[in-house]
Amino acid sequence: MNLLKFLAPNRKKKETEWPSRDSQFLAERREHLRHIVELPIDYSIIDGPERWGIAADASEGGLLVYLHEVIEKGSLLKLEMFFPRGSEINTIKAMAKVVWSDSVARRLLGEYRHGLAFQAFQKESLDKLKKLLNETAELNRTTNNLKALSQAITL
């Protein structure tokens, strides 16, 4: 299943204030730029069985993942993300904490969204993640430029 159609476009969220109905202000703060990805992951709750899921967006701070089970907020997960590097499969290994879960939104399809915050990386994995995110951002910029050029030509 292509999860990209369920996701918003890449964006960097800075501290912004939006008026609410009762004139109070809400602030959302994102420290790291999010990138849309579609990467398979293996995960396990500490000392639990290994399972699999899909990472749908990623940043240096964490992931949005789709899993086949609801995991309790605050749980620590061992993660391994897989991505292609040339003709090889590369991995990023990390520990992450479940900071939120949305158990209702996709229950009928057997997928549950979870927000994970990275806690620690295995040696060299953070560097691999940064490189992967930079490459993803460059690919997205190129794709967006090609779309804009294509639209300009058809006008």
# chains A, B, ... in the order shown; residues from 1 in each chain; ligands from 1
$ residues_around --residues "Pro40 in chain A" --least-positions-apart "5" --cutoff "8 Å" --atoms "only C-alpha atoms" --output "list in words"
Trp52, Gly53, Ile54, Ala55, Met81, Phe82 and Phe83 of chain A
$ residues_around --residues "Ser101 in chain A" --least-positions-apart "4" --cutoff "9 Å" --atoms "only C-alpha atoms" --output "PyMOL selection string"
chain A and resi 70-73+112-116
$ atom_distance --atom1 "CA of Ser125 in chain A" --atom2 "CA of Glu111 in chain A"
26.7 Å
$ atom_distance --atom1 "CA of Lys78 in chain A" --atom2 "CA of Asn134 in chain A"
23.7 Å
$ closest_residue --among "A:Gln119, A:Ser75, A:Thr143, A:Ser59" --to "Ala96 in chain A" --atoms "only C-alpha atoms"
A:Gln119
$ residues_around --residues "Ala94 in chain A" --least-positions-apart "4" --cutoff "12 Å" --atoms "only C-alpha atoms" --output "ChimeraX atom specification"
/A:41-44,60-63,76-82,116-129
$ atom_distance --atom1 "CA of Lys93 in chain A" --atom2 "CA of Asn140 in chain A"
24.3 Å
$ closest_residue --among "A:Val98, A:Ile45, A:Leu39, A:Leu64" --to "Pro84 in chain A" --atoms "only C-alpha atoms"
A:Leu39
$ select_by_dssp --residues "range 48-153 of chain A" --states "helix (DSSP H, G or I)" --output "number ranges by chain"
A: 107-109, 125-153
